[in-house]
Amino acid sequence: MGRRYRSIILPLLAGGTALAVCLLALPPAFSIFANGVRFNGVVGNEMSQLSERTVIYDSRGQVIGRLGLEDRSSVALSDVAPVMVEALLTTEDRDFYGNAGVDLHAVARAFFKNVNSGSVKEGGSTLTQQLVKNRFFTAPQRTLSRKVREAMLSLRLDSEWPKNRILSEYLNTVYFGQGSYGIQAASERFFQTIPQDLNLAQAALLAGSIRDPEGNNPFTNPKGALARRSEVLGQMYEVGAISNNERTFAEASPLPDQRPQSDLRPDNYYVEEVQRRLLNDPRLADTREERYNLVFRGGLQVETPYDQSMQAKAQSAVNKTIPTSQFTAAMAVMDPSNGEVKALVAGPGFERSQFNLATQGARQPGSTFKAITLAAALENGYSVNDSISGSSPCIIKIDGFAPWTTRNAEGGGGVFNLRSATEESVNCAYARLIAALGPKKVSEMARRLGVTHEVPPYPSITLGTIGVSPLEMATVYSTLAAEGIKHDPVFITKLKDRNGRVIFEDREPGKRVLSAEVARTETSILQGVIRAGTGTRARLAPGDRAVGKGKIERFSAGKTGTTDDKTNAWFVGYTPELVAAVWMGDPAAYTPMTNVGSIGAVYGGTYPAMIWKVFMDAALRGKVVREFTKPNEKLWPAASSITEAGRGARLQFDPSGATGPSGPSGPEGPTDPLVPSTSTTLSPTTSSNPPTTSTIPPPL
């Protein structure tokens with residue numbers, strides 16, 4: 001019988017037979033039948049869309065995470081092993097290719113029993129009926145009218161869709177147990193394989209699980225799973241689908257023993273951050289509810305710049321460097337040319353704490369913030385060679401603010417130029433510098449360079465008294481490395497829907513927020529921090545000048561930072577091709593790091609700088625050395641002096657930038673930390689200049 005002929009005649013015969021059975025069985029059966037056929041649309045068009053998982057990929061196309069309410073990914077029937085199809089049809093619908101969507105004999109037998117009992121006691125469903133039951137109806141019911149309606153809609157669907165499409169939709173819809181929806185997820189989760197590579201034993205186990213997915217679960221009920229698999233293999237042998245030898249061999253195969261997790265949640269900090277950003281990105285959808293449904297049901301394909309090799313190097317650098325203690329480190333790694341976030345070390349371990357210190361933490365950055373003040377000064381016509389007093393303690397007076405008292409780490413003072421004041425991280429010099437500039441200019445520069453937390457225009461911000469994340473500081477220094485071009489952090493390079501249509505790509509050219517000359521000048525100053533300042537422990541190993549051309553110093557720039565009472569220590573640095581921001585501290589509290597490992601007191605120039613060096617040496621190993629573009633010194637303004645009142649007449653100072661006899665003790669000494677909170681003097685009548693202790697609570 002041809003397909004067209006069967007699609008017309010068989011539904012009529014089936015409908016007539018079902019009607020006759022109903023009328024003979026019970027007078028109310030007529031109303032049941034009438035209610036069952038009330039539908040005038042196209043059944044296939046009314047089938048619900050399948051919920052599919054979102055898959056997240058790294059920069060090389062490897063899967064790094066899955067998100068979703070149901071672990072499902074649809075595949076074509078041609079991508080399913082024939083033995084799987086054979087096992088399914090043998091156990092669930094042997095006459096699938098011959099029936100019209102309903103098995104009339106099974107329906108009649110079941111209907112008599114159900115009507116006589118007054119409820120549904122027996123099924124008789126074909127694959128088509130099961131598909132309609134799962135995809136057409138939203139709420140399950142075990143009533144006679146529902147069974148009749150399922151049968152009639154199945155007859156219509158059989159006439160609308162080819163058999164192979166029905167079979168494909170069924171395989172992608174059905175639940176196999178252990179959180180596995182559809183044949184793709186079941187193959188992956190049960191056997192770590194793909195549907196095309198399923199063998200006989202695996203196919204029989206999956207086909208046998210459909211009627212009772214949890215009862216036949218090999219991970220929770222292995223005895224029941226074995227018995228059901230043996231039953232399916234026996235049925236396949238009876239119909240001649242397999243030989244006795246094949247049956248015997250398959251029955252001897254062991255059950256899967258790698259139990260998959262039951263739900264789809266992030267299991268690392270990077271995937272968790274991608275999820276967070278998707279749920280808040282209006283480019284995906286207008287409302288949060290729409291975005292939620294797309295992320296957890298929409299089958300999105302998310303491409304990221306995540307570099308697993310770089311991630312391993314970053315984590316290893318932290319693990320090898322920090323002694324066992326209550327303290328940990330966070331790190332954000334970026335490509336300054338495009339803002340791509342390559343790696344994140346975000347806390348003590350995702351299994352212990354899901355709070356992402358690298359992206360959501362808010363800790364005082366200490367003197368790493370001085371790079372922002374320096375950028376504001378250079379942009380406003382200040383010179384590298386300008387002189388400024390670093391005498392300590394210092395009382396800073398600015399119109400509109402209460403007097404502010406701070407001091408250098410080692411007391412003393414002397415006269416510095418901007419380069420040496422930065423290299424030695426002289427607090428009083430930078431306190432006078434922000435007074436000369438005005439706090440508002442520094443606050444605005446912070447926002448332009450990449451700080452997203454609020455930065456109130458207080459004088460003390462120059463010493464890093466506001467809370468920021470490592471990602472924000474990586475963005476700031478990335479802007480300097482990119483010669484003034486700011487790229488927002490990129491965690492998603494391309495987002496596609498379930499059909500492969502591109503929703504958006506993050507390939508923005510960046511925005512110039514600082515002139516190239518200012519950025520180059522600042523980089524030349526920050527190089528000195530590593531060469532001879534507070535960050536010498538971050539000095540990188542030499543690299544290849546070119547293939548076969550010998551070794552050369554690897555160019556790098558950065559800044560150390562340590563906050564009050566040594567509760568936070570930082571190093572943020574960059575080469576022309578890579579930026580990394582490192583924070584160290586207690587993630588649960590503001591605990592002073594006064595006696596940690598062999599170092600003792602922790603400063604930005606100790607463990608954080610060492611972590612940065614270990615990571616960067618590993619990440620850049622084998623790469624040809626790239627140089628920073630040198631600034632045009634002829635464009636620098638003539639040297640002048642800087643006081644709290646502004647830039648004026650030049651002061652006398654040692655051109656070498658050396659400090660007075662009681663100045664910093666050198667690059668290995670504690671030249672970087674901020675003044676303890678007890679030495680910060682504030683007027684009790686004003687809150688214009690908050691204390692240096694952050695009011696932002698530590699992450700839990």
# chains A, B, ... in the order shown; residues from 1 in each chain; ligands from 1
$ residues_around --residues "Ser253 of chain A" --least-positions-apart "3" --cutoff "8 Å" --atoms "only C-alpha atoms" --output "list of chain:residue names"
A:Ala201, A:Phe249, A:Ala250
$ residues_around --residues "Ser154 of chain A" --least-positions-apart "6" --cutoff "6 Å" --atoms "only C-alpha atoms" --output "PyMOL selection string"
chain A and resi 101+128-129
$ atom_distance --atom1 "atom CA of Ala207 of chain A" --atom2 "atom CA of Asn45 of chain A"
27.5 Å
$ residues_around --residues "Arg554 of chain A" --least-positions-apart "4" --cutoff "8 Å" --atoms "only C-alpha atoms" --output "count of residues only"
7
$ residues_around --residues "segment 449-452 of chain A" --least-positions-apart "3" --cutoff "8 Å" --atoms "only C-alpha atoms" --output "list of chain:residue names"
A:Ile372, A:Met445, A:Ala446, A:Val455, A:Val468, A:Glu472, A:Met473, A:Thr475, A:Val476, A:Tyr477, A:Thr479, A:Lys486, A:Asp488, A:Val513
$ residues_around --residues "Arg297 of chain A" --least-positions-apart "4" --cutoff "12 Å" --atoms "only C-alpha atoms" --output "PyMOL selection string"
chain A and resi 49-55+66-73+264+289-293+301+497-498
$ select_by_dssp --residues "segment 386-605 of chain A" --states "strand (DSSP E or B)" --output "count of residues only"
51
$ residues_around --residues "Leu233 of chain A" --least-positions-apart "6" --cutoff "8 Å" --atoms "only C-alpha atoms" --output "ChimeraX atom specification"
/A:87,204,247,250-251
$ decode --residues "segment 447-526 of chain A" --atoms "C-alpha atoms" --output "tab-separated table (two decimals), in the first residue's frame"
chain	number	residue	atom	x	y	z
A	447	ARG	CA	36.14	55.22	34.84
A	448	ARG	CA	37.62	55.80	31.38
A	449	LEU	CA	40.36	53.22	31.84
A	450	GLY	CA	38.01	50.44	33.00
A	451	VAL	CA	37.00	50.72	36.67
A	452	THR	CA	33.29	49.93	36.90
A	453	HIS	CA	32.84	50.32	40.66
A	454	GLU	CA	31.97	53.82	41.81
A	455	VAL	CA	35.08	55.95	42.38
A	456	PRO	CA	34.11	59.00	44.46
A	457	PRO	CA	36.37	62.02	43.87
A	458	TYR	CA	38.17	61.91	47.24
A	459	PRO	CA	41.90	62.63	47.61
A	460	SER	CA	42.59	59.22	49.20
A	461	ILE	CA	41.59	57.31	46.06
A	462	THR	CA	45.11	57.85	44.74
A	463	LEU	CA	46.25	55.31	47.35
A	464	GLY	CA	43.66	52.75	46.25
A	465	THR	CA	41.04	53.07	48.97
A	466	ILE	CA	38.01	52.03	46.89
A	467	GLY	CA	37.05	48.42	46.23
A	468	VAL	CA	37.75	46.96	42.78
A	469	SER	CA	38.11	43.51	41.25
A	470	PRO	CA	41.19	41.98	39.61
A	471	LEU	CA	39.26	42.05	36.32
A	472	GLU	CA	38.81	45.82	36.59
A	473	MET	CA	42.50	46.38	37.28
A	474	ALA	CA	43.41	44.05	34.42
A	475	THR	CA	41.20	46.19	32.16
A	476	VAL	CA	42.91	49.40	33.33
A	477	TYR	CA	46.39	48.07	32.64
A	478	SER	CA	45.22	46.44	29.41
A	479	THR	CA	44.26	49.91	28.21
A	480	LEU	CA	47.82	51.08	28.89
A	481	ALA	CA	49.27	48.03	27.15
A	482	ALA	CA	47.05	48.72	24.11
A	483	GLU	CA	48.42	52.28	23.93
A	484	GLY	CA	45.24	53.94	25.14
A	485	ILE	CA	42.64	51.72	23.41
A	486	LYS	CA	40.16	50.36	25.94
A	487	HIS	CA	38.50	47.01	25.35
A	488	ASP	CA	35.79	45.87	27.71
A	489	PRO	CA	36.47	42.36	29.07
A	490	VAL	CA	35.31	39.75	26.56
A	491	PHE	CA	34.06	36.40	27.84
A	492	ILE	CA	31.92	35.52	24.81
A	493	THR	CA	33.39	35.87	21.33
A	494	LYS	CA	30.38	34.47	19.47
A	495	LEU	CA	26.87	33.40	20.47
A	496	LYS	CA	24.70	31.23	18.22
A	497	ASP	CA	21.19	29.87	18.60
A	498	ARG	CA	20.26	26.20	18.36
A	499	ASN	CA	20.15	26.42	14.56
A	500	GLY	CA	23.60	27.98	14.28
A	501	ARG	CA	22.37	31.51	13.58
A	502	VAL	CA	24.74	34.12	15.04
A	503	ILE	CA	23.04	36.22	17.71
A	504	PHE	CA	26.05	38.44	18.35
A	505	GLU	CA	29.82	38.55	18.13
A	506	ASP	CA	32.24	40.45	20.34
A	507	ARG	CA	34.71	41.76	17.79
A	508	GLU	CA	34.62	45.44	18.72
A	509	PRO	CA	37.64	47.53	17.70
A	510	GLY	CA	37.86	49.15	21.13
A	511	LYS	CA	37.63	52.79	22.10
A	512	ARG	CA	40.46	55.27	22.44
A	513	VAL	CA	40.33	56.75	25.94
A	514	LEU	CA	43.94	57.90	26.23
A	515	SER	CA	46.39	59.21	23.68
A	516	ALA	CA	48.98	56.73	22.47
A	517	GLU	CA	51.80	59.04	23.56
A	518	VAL	CA	50.48	59.31	27.13
A	519	ALA	CA	50.07	55.53	27.35
A	520	ARG	CA	53.57	54.92	25.97
A	521	THR	CA	55.05	57.41	28.43
A	522	GLU	CA	53.32	55.73	31.35
A	523	THR	CA	54.48	52.30	30.19
A	524	SER	CA	58.08	53.56	30.15
A	525	ILE	CA	57.64	54.64	33.79
A	526	LEU	CA	56.00	51.38	34.89
